$ cat final-v7.txt   # compact mmCIF, C-alpha atoms
# COMPACT_ATOMS: atom_id res chain seq x y z
CA MET A 282 87.50 -1.49 71.80
CA ASP A 283 90.94 -2.59 70.72
CA ARG A 284 93.11 0.34 69.71
CA ASP A 285 93.74 -1.27 66.32
CA GLU A 286 90.06 -1.28 65.50
CA ARG A 287 89.59 2.46 65.93
CA VAL A 288 89.13 4.68 62.92
CA PHE A 289 92.56 4.89 61.33
CA ASP A 290 94.20 8.27 61.67
CA ASP A 291 96.77 7.57 59.00
CA ARG A 292 97.24 5.65 55.78
CA THR A 293 99.65 2.92 54.96
CA PRO A 294 100.27 0.78 51.89
CA GLY A 295 97.54 -1.79 51.54
CA VAL A 296 95.04 -0.05 53.80
CA GLU A 297 92.05 1.08 51.83
CA GLU A 298 89.53 3.84 52.31
CA HIS A 299 86.50 3.31 54.46
CA GLU A 300 83.81 2.75 51.81
CA PRO A 301 83.63 -1.04 51.22
CA SER A 302 82.25 -0.91 47.68
CA ALA A 303 84.93 1.60 46.62
CA SER A 304 87.77 -0.76 47.56
CA TYR A 305 86.30 -3.78 45.77
CA LEU A 306 85.83 -1.47 42.79
CA SER A 307 89.43 -0.27 43.15
CA TYR A 308 90.79 -3.83 42.89
CA THR A 309 88.58 -4.63 39.92
CA VAL A 310 89.51 -1.44 38.06
CA GLY A 311 93.18 -2.14 38.86
CA LEU A 312 92.91 -5.70 37.54
CA GLY A 313 91.30 -4.46 34.32
CA LEU A 314 93.96 -1.81 33.75
CA ALA A 315 96.78 -4.26 34.58
CA ILE A 316 95.44 -6.85 32.11
CA ALA A 317 95.06 -4.13 29.45
CA ALA A 318 98.67 -3.02 29.99
CA THR A 319 99.90 -6.64 29.86
CA ILE A 320 98.08 -7.34 26.59
CA ALA A 321 99.36 -4.04 25.16
CA SER A 322 102.93 -5.06 26.09
CA PHE A 323 102.61 -8.41 24.32
CA VAL A 324 101.05 -6.79 21.24
CA VAL A 325 103.75 -4.12 21.07
CA SER A 326 106.54 -6.69 21.42
CA GLN A 327 105.13 -9.17 18.89
CA THR A 328 103.94 -6.85 16.12
CA ASP A 329 105.32 -3.87 14.23
CA LEU A 330 102.56 -1.63 15.52
CA LEU A 331 105.20 0.71 16.92
CA TRP A 332 108.16 2.03 14.95
CA PRO A 333 110.55 -0.96 15.48
CA PRO A 334 113.50 0.96 17.05
CA GLY A 335 111.02 2.48 19.53
CA ILE A 336 109.59 -0.83 20.74
CA ALA A 337 111.95 -1.11 23.73
CA VAL A 338 110.97 2.39 24.86
CA GLY A 339 107.29 1.55 24.38
CA LEU A 340 107.67 -1.60 26.51
CA VAL A 341 109.41 0.34 29.29
CA VAL A 342 106.68 3.00 29.26
CA LEU A 343 103.96 0.30 29.46
CA ALA A 344 105.84 -1.42 32.31
CA PHE A 345 106.04 1.82 34.32
CA ALA A 346 102.35 2.48 33.63
CA GLN A 347 101.46 -0.99 34.93
CA ILE A 348 103.66 -0.56 38.00
CA GLY A 349 101.82 2.69 38.66
CA VAL A 350 98.48 0.88 38.36
CA HIS A 351 99.63 -1.75 40.87
CA LEU A 352 100.89 0.86 43.34
CA VAL A 353 97.68 2.91 43.23
CA PHE A 354 94.97 0.25 42.94
CA PHE A 355 96.53 -2.75 44.76
CA LEU A 356 98.89 -1.15 47.27
CA HIS A 357 96.64 1.92 47.70
CA LEU A 358 99.43 4.46 47.48
CA GLY A 359 97.83 7.80 46.71
CA SER A 360 99.00 11.37 46.48
CA GLY A 361 97.11 12.55 49.58
CA SER A 362 98.89 14.37 52.38
CA ASP A 363 98.28 11.38 54.69
CA ASN A 364 100.45 9.20 52.46
CA THR A 365 103.60 11.31 52.72
CA ASN A 366 105.71 8.78 54.66
CA ASN A 367 104.95 5.94 52.25
CA ILE A 368 105.62 8.06 49.17
CA LEU A 369 108.90 9.37 50.62
CA ALA A 370 110.08 5.82 51.37
CA LEU A 371 109.05 4.75 47.87
CA ALA A 372 110.89 7.71 46.33
CA PHE A 373 114.07 6.70 48.17
CA GLY A 374 113.65 3.07 47.04
CA VAL A 375 113.15 4.17 43.44
CA LEU A 376 116.28 6.34 43.66
CA ILE A 377 118.42 3.39 44.84
CA VAL A 378 116.94 1.01 42.25
CA PHE A 379 117.55 3.59 39.52
CA LEU A 380 121.15 4.18 40.63
CA VAL A 381 121.96 0.45 40.77
CA ILE A 382 120.41 -0.45 37.40
CA VAL A 383 121.35 2.59 35.33
CA GLY A 384 124.77 2.88 36.97
CA SER A 385 125.62 -0.78 36.32
CA ILE A 386 124.51 -0.64 32.69
CA TRP A 387 126.35 2.64 32.12
CA ILE A 388 129.63 1.46 33.66
CA SER A 389 129.52 -1.94 31.93
CA ALA A 390 128.69 -0.41 28.55
CA SER A 391 131.61 1.97 28.96
CA LEU A 392 133.96 -0.90 29.90
CA HIS A 393 132.65 -2.95 26.97
CA ALA A 394 133.27 -0.06 24.54
CA ASN A 395 136.84 0.33 25.81
CA MET A 396 137.49 -3.40 25.41
CA MET A 397 136.48 -3.53 21.75
CA ASP A 398 139.98 -2.89 20.37
CA MET A 399 141.48 -5.82 22.27
CA PRO A 400 141.78 -9.17 20.45
CA MET A 401 139.11 -11.60 21.65
CA THR A 402 141.55 -14.50 22.06
CA ALA A 403 145.12 -14.55 23.32
CA PRO A 404 147.75 -14.69 20.53
CA HIS A 405 149.34 -18.08 20.05
CA MET B 200 101.54 31.68 76.51
CA THR B 201 100.97 28.03 75.67
CA LEU B 202 103.47 25.37 74.78
CA ALA B 203 102.66 23.78 71.42
CA THR B 204 103.71 20.34 72.66
CA THR B 205 101.03 20.25 75.33
CA GLU B 206 98.17 20.99 72.96
CA PHE B 207 95.71 18.19 72.40
CA VAL B 208 95.65 17.04 68.79
CA PRO B 209 92.50 15.07 67.85
CA ALA B 210 92.98 11.83 65.97
CA GLU B 211 91.25 13.26 62.88
CA VAL B 212 94.11 15.70 62.24
CA ALA B 213 96.98 13.37 63.10
CA ARG B 214 98.86 12.67 59.88
CA GLY B 215 101.87 10.57 60.73
CA ARG B 216 104.34 13.37 61.26
CA GLY B 217 104.32 13.40 65.03
CA GLY B 218 101.01 15.19 65.54
CA GLY B 219 98.44 13.27 67.55
CA GLY B 220 100.83 10.85 69.21
CA PRO B 221 101.97 7.44 68.03
CA ALA B 222 100.17 5.83 65.09
CA PRO B 223 98.12 2.64 65.60
CA THR B 224 100.09 -0.62 65.62
CA ARG B 225 98.66 -1.59 62.26
CA ILE B 226 100.06 1.55 60.59
CA VAL B 227 103.50 1.05 62.15
CA VAL B 228 103.63 -2.64 61.18
CA ALA B 229 102.59 -2.03 57.58
CA TYR B 230 104.99 0.90 57.23
CA GLY B 231 107.87 -1.24 58.51
CA PHE B 232 106.92 -4.01 56.12
CA TRP B 233 106.78 -1.46 53.29
CA ILE B 234 110.39 -0.51 54.09
CA PHE B 235 111.32 -4.22 53.91
CA LEU B 236 109.60 -4.54 50.53
CA LEU B 237 111.53 -1.55 49.21
CA SER B 238 114.77 -3.23 50.34
CA ASP B 239 113.62 -6.34 48.46
CA PHE B 240 113.22 -4.19 45.35
CA VAL B 241 116.82 -3.04 45.85
CA LEU B 242 117.90 -6.73 45.96
CA PHE B 243 116.09 -7.35 42.68
CA SER B 244 117.57 -4.20 41.14
CA GLY B 245 121.03 -5.80 41.44
CA LEU B 246 119.80 -8.94 39.68
CA PHE B 247 118.06 -6.87 36.98
CA ALA B 248 121.27 -4.91 36.42
CA ALA B 249 123.29 -8.14 36.13
CA TYR B 250 120.79 -9.56 33.64
CA ALA B 251 120.71 -6.38 31.55
CA VAL B 252 124.52 -6.39 31.33
CA LEU B 253 124.85 -10.13 30.55
CA ALA B 254 121.78 -10.68 28.35
CA ASP B 255 123.80 -10.74 25.10
CA GLN B 256 126.66 -12.92 26.40
CA THR B 257 125.33 -16.27 25.20
CA ALA B 258 128.80 -17.86 24.67
CA GLY B 259 127.58 -19.57 21.51
CA GLY B 260 124.64 -21.10 23.38
CA PRO B 261 120.93 -20.51 22.84
CA SER B 262 119.55 -16.98 23.09
CA GLY B 263 116.32 -15.82 24.71
CA ALA B 264 114.52 -15.72 21.36
CA GLN B 265 115.20 -19.46 20.93
CA LEU B 266 114.29 -20.46 24.48
CA PHE B 267 111.27 -18.40 25.54
CA HIS B 268 107.68 -19.42 24.82
CA LEU B 269 105.62 -16.25 25.11
CA ARG B 270 102.32 -18.14 25.28
CA ASN B 271 103.42 -19.75 28.57
CA VAL B 272 104.72 -16.42 29.82
CA PHE B 273 101.37 -14.79 29.07
CA ILE B 274 99.56 -17.50 31.07
CA GLU B 275 102.06 -17.06 33.93
CA THR B 276 101.42 -13.31 33.96
CA LEU B 277 97.65 -13.77 34.07
CA CYS B 278 98.01 -16.33 36.90
CA LEU B 279 99.98 -13.82 38.98
CA LEU B 280 97.63 -10.92 38.18
CA PHE B 281 94.49 -12.84 39.13
CA SER B 282 96.25 -14.27 42.19
CA SER B 283 97.02 -10.72 43.31
CA TYR B 284 93.40 -9.76 42.70
CA THR B 285 91.94 -12.66 44.71
CA CYS B 286 94.49 -11.99 47.45
CA GLY B 287 93.32 -8.36 47.69
CA ILE B 288 89.67 -9.42 47.69
CA GLY B 289 90.48 -11.96 50.43
CA ALA B 290 92.16 -9.28 52.54
CA LEU B 291 89.07 -7.07 52.19
CA ALA B 292 86.82 -9.99 53.19
CA ALA B 293 89.02 -10.68 56.24
CA GLU B 294 88.81 -7.04 57.33
CA ARG B 295 85.02 -7.27 57.13
CA ARG B 296 85.14 -10.52 59.16
CA ARG B 297 83.61 -12.58 56.33
CA VAL B 298 85.69 -15.64 57.00
CA ASP B 299 84.05 -17.87 54.36
CA HIS B 300 84.76 -15.31 51.62
CA PHE B 301 88.32 -15.14 52.89
CA TYR B 302 88.81 -18.92 52.60
CA LEU B 303 87.34 -18.95 49.09
CA SER B 304 89.68 -16.15 47.91
CA ALA B 305 92.60 -17.86 49.64
CA VAL B 306 92.00 -21.10 47.72
CA PHE B 307 92.01 -19.21 44.41
CA THR B 308 95.12 -17.25 45.42
CA ILE B 309 97.03 -20.45 46.23
CA LEU B 310 95.85 -22.34 43.15
CA LEU B 311 96.82 -19.48 40.81
CA GLY B 312 100.19 -19.01 42.54
CA ALA B 313 100.84 -22.77 42.32
CA ALA B 314 99.89 -22.75 38.62
CA PHE B 315 102.43 -19.96 38.05
CA LEU B 316 105.13 -21.95 39.85
CA PHE B 317 104.27 -25.13 37.96
CA ILE B 318 104.67 -23.39 34.58
CA GLU B 319 107.92 -21.77 35.70
CA VAL B 320 109.42 -25.00 37.05
CA SER B 321 108.50 -26.92 33.90
CA GLU B 322 110.07 -24.14 31.81
CA PHE B 323 113.27 -24.39 33.88
CA ALA B 324 113.28 -28.20 33.67
CA GLY B 325 112.81 -28.08 29.90
CA MET B 326 115.68 -25.63 29.50
CA VAL B 327 118.05 -27.64 31.72
CA SER B 328 117.26 -30.91 29.93
CA ALA B 329 117.86 -29.17 26.57
CA GLY B 330 121.38 -28.27 27.68
CA ALA B 331 120.49 -24.65 28.47
CA GLY B 332 121.07 -24.78 32.22
CA PRO B 333 122.53 -21.97 34.34
CA SER B 334 126.11 -23.12 33.65
CA ARG B 335 125.78 -22.83 29.84
CA SER B 336 126.43 -19.09 29.46
CA ALA B 337 126.54 -15.81 31.39
CA PHE B 338 123.14 -14.98 29.90
CA LEU B 339 121.61 -18.18 31.31
CA SER B 340 123.32 -17.73 34.71
CA ALA B 341 121.78 -14.25 34.99
CA PHE B 342 118.42 -15.53 33.71
CA PHE B 343 118.16 -18.37 36.23
CA THR B 344 119.32 -16.12 39.08
CA LEU B 345 116.81 -13.35 38.36
CA VAL B 346 113.78 -15.45 37.44
CA GLY B 347 114.67 -18.11 40.04
CA THR B 348 114.87 -15.52 42.82
CA HIS B 349 111.42 -14.27 41.89
CA GLY B 350 110.17 -17.87 41.82
CA ALA B 351 111.72 -18.50 45.24
CA HIS B 352 109.84 -15.46 46.56
CA VAL B 353 106.58 -16.85 45.14
CA THR B 354 107.32 -20.23 46.79
CA VAL B 355 107.98 -18.62 50.15
CA GLY B 356 104.84 -16.50 49.70
CA LEU B 357 102.71 -19.60 49.10
CA LEU B 358 104.11 -21.34 52.19
CA TRP B 359 103.55 -18.16 54.22
CA PHE B 360 99.95 -17.91 53.00
CA VAL B 361 99.19 -21.55 53.90
CA TYR B 362 100.58 -20.76 57.36
CA MET B 363 98.38 -17.63 57.54
CA ILE B 364 95.26 -19.61 56.60
CA ALA B 365 96.10 -22.03 59.41
CA GLN B 366 96.37 -19.04 61.78
CA VAL B 367 92.97 -17.74 60.68
CA TRP B 368 91.57 -21.25 61.15
CA VAL B 369 92.97 -21.63 64.67
CA LYS B 370 92.93 -18.08 66.06
CA GLY B 371 90.18 -16.42 64.03
CA LEU B 372 90.41 -12.94 62.52
CA ARG B 373 92.03 -11.22 65.49
CA ALA B 374 93.76 -7.87 65.15
CA HIS B 375 97.27 -9.33 65.05
CA VAL B 376 96.26 -12.00 62.51
CA LEU B 377 94.77 -9.25 60.33
CA ARG B 378 98.05 -7.32 60.56
CA ARG B 379 99.97 -10.39 59.37
CA LEU B 380 97.49 -10.88 56.53
CA LEU B 381 98.00 -7.24 55.53
CA CYS B 382 101.77 -7.81 55.38
CA PHE B 383 101.26 -10.94 53.28
CA SER B 384 99.03 -9.16 50.78
CA LEU B 385 101.60 -6.34 50.48
CA PHE B 386 104.27 -9.00 49.80
CA TRP B 387 102.11 -10.72 47.17
CA HIS B 388 101.33 -7.44 45.37
CA ALA B 389 105.04 -6.47 45.47
CA LEU B 390 105.98 -9.76 43.75
CA ASP B 391 103.63 -8.78 40.93
CA ILE B 392 105.50 -5.51 40.51
CA VAL B 393 108.81 -7.40 40.27
CA TRP B 394 107.24 -9.76 37.72
CA ILE B 395 106.30 -6.79 35.48
CA GLY B 396 110.02 -5.98 35.34
CA VAL B 397 110.94 -9.63 34.59
CA LEU B 398 108.25 -9.88 31.91
CA THR B 399 109.35 -6.69 30.17
CA LEU B 400 113.13 -6.95 30.42
CA VAL B 401 113.63 -10.72 30.17
CA TYR B 402 110.79 -12.13 28.12
CA LEU B 403 109.29 -9.41 25.91
CA MET B 404 112.60 -7.73 25.05
CA GLY B 405 114.50 -11.06 24.95
CA ALA B 406 112.05 -12.90 22.69
CA ARG B 407 112.26 -10.34 19.88
$ encode --input "final-v7.txt" --output "structure tokens"
Amino acid sequence: MDRDERVFDDRTPGVEEHEPSASYLSYTVGLGLAIAATIASFVVSQTDLLWPPGIAVGLVVLAFAQIGVHLVFFLHLGSGSDNTNNILALAFGVLIVFLVIVGSIWISASLHANMMDMPMTAPH
Amino acid sequence: MTLATTEFVPAEVARGRGGGGPAPTRIVVAYGFWIFLLSDFVLFSGLFAAYAVLADQTAGGPSGAQLFHLRNVFIETLCLLFSSYTCGIGALAAERRRVDHFYLSAVFTILLGAAFLFIEVSEFAGMVSAGAGPSRSAFLSAFFTLVGTHGAHVTVGLLWFVYMIAQVWVKGLRAHVLRRLLCFSLFWHALDIVWIGVLTLVYLMGAR
């Protein structure tokens, strides 16, 4: 038997558990949850269901929830001890993404605030 | 006195931290591809940051609220979600050597991905012909860069998948073809995750 066809002794993103019905179920549950989160995002953004100043926060929370659904049900990232390498790599990726996005917005907002006193056009 | 390094570790207790010897090729390949995907997320994080900073700089041109049609965006999102689903189902069918189920899922995956691209390209074409091209304002430059990079990934993914179907056709579901299919399905699911960010930051927040 080919060594790749042996029982897996480790987990990796995208490799599911060994029960066939469970993994079909996992994709279907994931699809249902993802569609529910998508519809909730559209409803929240288009109505005043949420307190209006809180809508942006609500959308970000729904987006993170949906990303979590995708990671768990489609990419099969779990919290088990056999998933440590994948989770550690993901944690590092999330750290870098967070630093780039939040850092850029923070620095640019600070620059923008400091520029406000300057005249927008050069004097004639 | 025994040396720990000479002890036999059965495969059942090996957990990817050195115990039990090297992991199977499939695990190593998918882990490496996972690292690549994370680096792709870092690429997108730069584009997201640029968009977030420039989103209000419309230079007197049209804003997101005037340009975006949320009905189309909703259809695009559903296309990608179902495409991801059929891709996952196809990967499961391939692992179970059900090649006809695999081809059926593959056709749906490609049709849904192509529908997404068609809607996106017609949206871009409509914006450019209405004078809202990437050169109009900093907001539109950032918009076309971010959304266009995601669209380019989808295009490359579709071409890759057509190539993978040809490999399954010619070589059958061999171990190395299955490993490549696993990498493709990881790529396709990762694009969905990027799209959630685009949908939330660009369209839902921009169309308010």
$ atom_distance --input "final-v7.txt" --atom1 "atom CA of A:Gly311" --atom2 "atom CA of A:Phe354"
5.1 Å
$ residues_around --input "final-v7.txt" --residues "B:Ala389" --least-positions-apart "3" --cutoff "12 Å" --atoms "all atoms listed in the file" --output "tab-separated table (two decimals) with C-alpha atoms, in the coordinates of the input"
chain	number	residue	atom	x	y	z
A	294	PRO	CA	100.27	0.78	51.89
A	295	GLY	CA	97.54	-1.79	51.54
A	348	ILE	CA	103.66	-0.56	38.00
A	349	GLY	CA	101.82	2.69	38.66
A	351	HIS	CA	99.63	-1.75	40.87
A	352	LEU	CA	100.89	0.86	43.34
A	355	PHE	CA	96.53	-2.75	44.76
A	356	LEU	CA	98.89	-1.15	47.27
B	232	PHE	CA	106.92	-4.01	56.12
B	233	TRP	CA	106.78	-1.46	53.29
B	234	ILE	CA	110.39	-0.51	54.09
B	235	PHE	CA	111.32	-4.22	53.91
B	236	LEU	CA	109.60	-4.54	50.53
B	237	LEU	CA	111.53	-1.55	49.21
B	238	SER	CA	114.77	-3.23	50.34
B	239	ASP	CA	113.62	-6.34	48.46
B	240	PHE	CA	113.22	-4.19	45.35
B	243	PHE	CA	116.09	-7.35	42.68
B	279	LEU	CA	99.98	-13.82	38.98
B	280	LEU	CA	97.63	-10.92	38.18
B	283	SER	CA	97.02	-10.72	43.31
B	349	HIS	CA	111.42	-14.27	41.89
B	352	HIS	CA	109.84	-15.46	46.56
B	353	VAL	CA	106.58	-16.85	45.14
B	356	GLY	CA	104.84	-16.50	49.70
B	382	CYS	CA	101.77	-7.81	55.38
B	383	PHE	CA	101.26	-10.94	53.28
B	384	SER	CA	99.03	-9.16	50.78
B	385	LEU	CA	101.60	-6.34	50.48
B	386	PHE	CA	104.27	-9.00	49.80
B	392	ILE	CA	105.50	-5.51	40.51
B	393	VAL	CA	108.81	-7.40	40.27
B	394	TRP	CA	107.24	-9.76	37.72
B	395	ILE	CA	106.30	-6.79	35.48
B	396	GLY	CA	110.02	-5.98	35.34
$ closest_atom_pairs --input "final-v7.txt" --of "stretch 322-401 of chain A" --to "stretch 264-273 of chain B" --cutoff "12 Å" --atoms "only C-alpha atoms" --output "JSON lines"
{"residue": "A:Ser322", "atom": "CA", "partner": "B:Phe273", "partner_atom": "CA", "distance": 10.3}
{"residue": "A:Phe323", "atom": "CA", "partner": "B:Phe273", "partner_atom": "CA", "distance": 8.1}
{"residue": "A:Val324", "atom": "CA", "partner": "B:Leu269", "partner_atom": "CA", "distance": 11.2}
{"residue": "A:Ser326", "atom": "CA", "partner": "B:Leu269", "partner_atom": "CA", "distance": 10.3}
{"residue": "A:Gln327", "atom": "CA", "partner": "B:Leu269", "partner_atom": "CA", "distance": 9.4}
$ closest_atom_pairs --input "final-v7.txt" --of "chain B" --to "chain A" --cutoff "8 Å" --atoms "only C-alpha atoms" --output "tab-separated table"
residue	atom	partner	partner_atom	distance
B:Ala210	CA	A:Asp290	CA	5.7
B:Glu211	CA	A:Asp290	CA	5.9
B:Val212	CA	A:Asp290	CA	7.5
B:Ala213	CA	A:Asp290	CA	6.0
B:Arg214	CA	A:Asp363	CA	5.4
B:Gly215	CA	A:Asp291	CA	6.2
B:Ala222	CA	A:Asp291	CA	7.2
B:Pro223	CA	A:Asp285	CA	5.9
B:Thr224	CA	A:Asp285	CA	6.4
B:Arg225	CA	A:Asp285	CA	6.4
B:Ile226	CA	A:Thr293	CA	5.8
B:Ala229	CA	A:Thr293	CA	6.3
B:Tyr230	CA	A:Thr293	CA	6.1
B:Trp233	CA	A:Pro294	CA	7.0
B:Ile234	CA	A:Ala370	CA	6.9
B:Leu237	CA	A:Gly374	CA	5.5
B:Ser238	CA	A:Gly374	CA	7.2
B:Phe240	CA	A:Val378	CA	7.1
B:Val241	CA	A:Val378	CA	5.4
B:Ser244	CA	A:Val378	CA	5.4
B:Gly245	CA	A:Val381	CA	6.4
B:Phe247	CA	A:Ile382	CA	6.8
B:Ala248	CA	A:Ile382	CA	4.6
B:Ala249	CA	A:Ser385	CA	7.7
B:Ala251	CA	A:Ile386	CA	7.0
B:Val252	CA	A:Ile386	CA	5.9
B:Thr276	CA	A:Thr319	CA	8.0
B:Leu277	CA	A:Ile316	CA	7.5
B:Leu280	CA	A:Leu312	CA	7.1
B:Phe281	CA	A:Leu312	CA	7.5
B:Tyr284	CA	A:Tyr308	CA	6.5
B:Gly287	CA	A:Tyr308	CA	7.1
B:Ile288	CA	A:Tyr305	CA	6.8
B:Leu291	CA	A:Tyr305	CA	7.7
B:Ala374	CA	A:Asp285	CA	6.7
B:Leu381	CA	A:Gly295	CA	6.8
B:Ser384	CA	A:Gly295	CA	7.6
B:Leu385	CA	A:Gly295	CA	6.2
B:His388	CA	A:Phe355	CA	6.7
B:Ile392	CA	A:Ile348	CA	5.8
B:Ile395	CA	A:Ala344	CA	6.3
B:Gly396	CA	A:Ala344	CA	6.9
B:Thr399	CA	A:Leu340	CA	6.5
B:Leu403	CA	A:Ser326	CA	5.9
B:Met404	CA	A:Ala337	CA	6.8
B:Arg407	CA	A:Ser326	CA	7.0
$ closest_residue --input "final-v7.txt" --among "A:Ala394, A:Ile368, A:Ala346, A:Leu358" --to "A:Leu314" --atoms "only C-alpha atoms"
A:Ala346
$ build_atoms --input "final-v7.txt" --residues "stretch 329-344 of chain B" --atoms "N, CA and C atoms" --output "PDB file, in the coordinates of the input"
ATOM      1  N   ALA B 329     117.426 -29.467  27.936  1.00  0.00           N
ATOM      2  CA  ALA B 329     117.860 -29.170  26.570  1.00  0.00           C
ATOM      3  C   ALA B 329     119.287 -28.624  26.546  1.00  0.00           C
ATOM      4  N   GLY B 330     119.999 -28.726  27.645  1.00  0.00           N
ATOM      5  CA  GLY B 330     121.380 -28.270  27.680  1.00  0.00           C
ATOM      6  C   GLY B 330     121.522 -26.771  27.861  1.00  0.00           C
ATOM      7  N   ALA B 331     120.436 -26.093  28.256  1.00  0.00           N
ATOM      8  CA  ALA B 331     120.490 -24.650  28.470  1.00  0.00           C
ATOM      9  C   ALA B 331     120.320 -24.336  29.959  1.00  0.00           C
ATOM     10  N   GLY B 332     121.122 -25.005  30.791  1.00  0.00           N
ATOM     11  CA  GLY B 332     121.070 -24.780  32.220  1.00  0.00           C
ATOM     12  C   GLY B 332     121.844 -23.532  32.616  1.00  0.00           C
ATOM     13  N   PRO B 333     121.871 -23.207  33.896  1.00  0.00           N
ATOM     14  CA  PRO B 333     122.530 -21.970  34.340  1.00  0.00           C
ATOM     15  C   PRO B 333     124.033 -21.955  34.079  1.00  0.00           C
ATOM     16  N   SER B 334     124.664 -23.121  33.869  1.00  0.00           N
ATOM     17  CA  SER B 334     126.110 -23.120  33.650  1.00  0.00           C
ATOM     18  C   SER B 334     126.470 -22.953  32.178  1.00  0.00           C
ATOM     19  N   ARG B 335     125.484 -22.869  31.267  1.00  0.00           N
ATOM     20  CA  ARG B 335     125.780 -22.830  29.840  1.00  0.00           C
ATOM     21  C   ARG B 335     126.435 -21.519  29.412  1.00  0.00           C
ATOM     22  N   SER B 336     125.884 -20.379  29.882  1.00  0.00           N
ATOM     23  CA  SER B 336     126.430 -19.090  29.460  1.00  0.00           C
ATOM     24  C   SER B 336     126.134 -18.051  30.535  1.00  0.00           C
ATOM     25  N   ALA B 337     126.788 -16.893  30.424  1.00  0.00           N
ATOM     26  CA  ALA B 337     126.540 -15.810  31.390  1.00  0.00           C
ATOM     27  C   ALA B 337     125.090 -15.358  31.297  1.00  0.00           C
ATOM     28  N   PHE B 338     124.549 -15.341  30.065  1.00  0.00           N
ATOM     29  CA  PHE B 338     123.140 -14.980  29.900  1.00  0.00           C
ATOM     30  C   PHE B 338     122.242 -15.912  30.713  1.00  0.00           C
ATOM     31  N   LEU B 339     122.486 -17.232  30.608  1.00  0.00           N
ATOM     32  CA  LEU B 339     121.610 -18.180  31.310  1.00  0.00           C
ATOM     33  C   LEU B 339     121.840 -18.135  32.822  1.00  0.00           C
ATOM     34  N   SER B 340     123.084 -17.884  33.269  1.00  0.00           N
ATOM     35  CA  SER B 340     123.320 -17.730  34.710  1.00  0.00           C
ATOM     36  C   SER B 340     122.484 -16.569  35.251  1.00  0.00           C
ATOM     37  N   ALA B 341     122.536 -15.425  34.538  1.00  0.00           N
ATOM     38  CA  ALA B 341     121.780 -14.250  34.990  1.00  0.00           C
ATOM     39  C   ALA B 341     120.287 -14.520  34.931  1.00  0.00           C
ATOM     40  N   PHE B 342     119.842 -15.223  33.867  1.00  0.00           N
ATOM     41  CA  PHE B 342     118.420 -15.530  33.710  1.00  0.00           C
ATOM     42  C   PHE B 342     117.911 -16.376  34.874  1.00  0.00           C
ATOM     43  N   PHE B 343     118.639 -17.479  35.160  1.00  0.00           N
ATOM     44  CA  PHE B 343     118.160 -18.370  36.230  1.00  0.00           C
ATOM     45  C   PHE B 343     118.233 -17.680  37.594  1.00  0.00           C
ATOM     46  N   THR B 344     119.227 -16.815  37.795  1.00  0.00           N
ATOM     47  CA  THR B 344     119.320 -16.120  39.080  1.00  0.00           C
ATOM     48  C   THR B 344     118.140 -15.170  39.272  1.00  0.00           C
TER      49      THR B 344
END
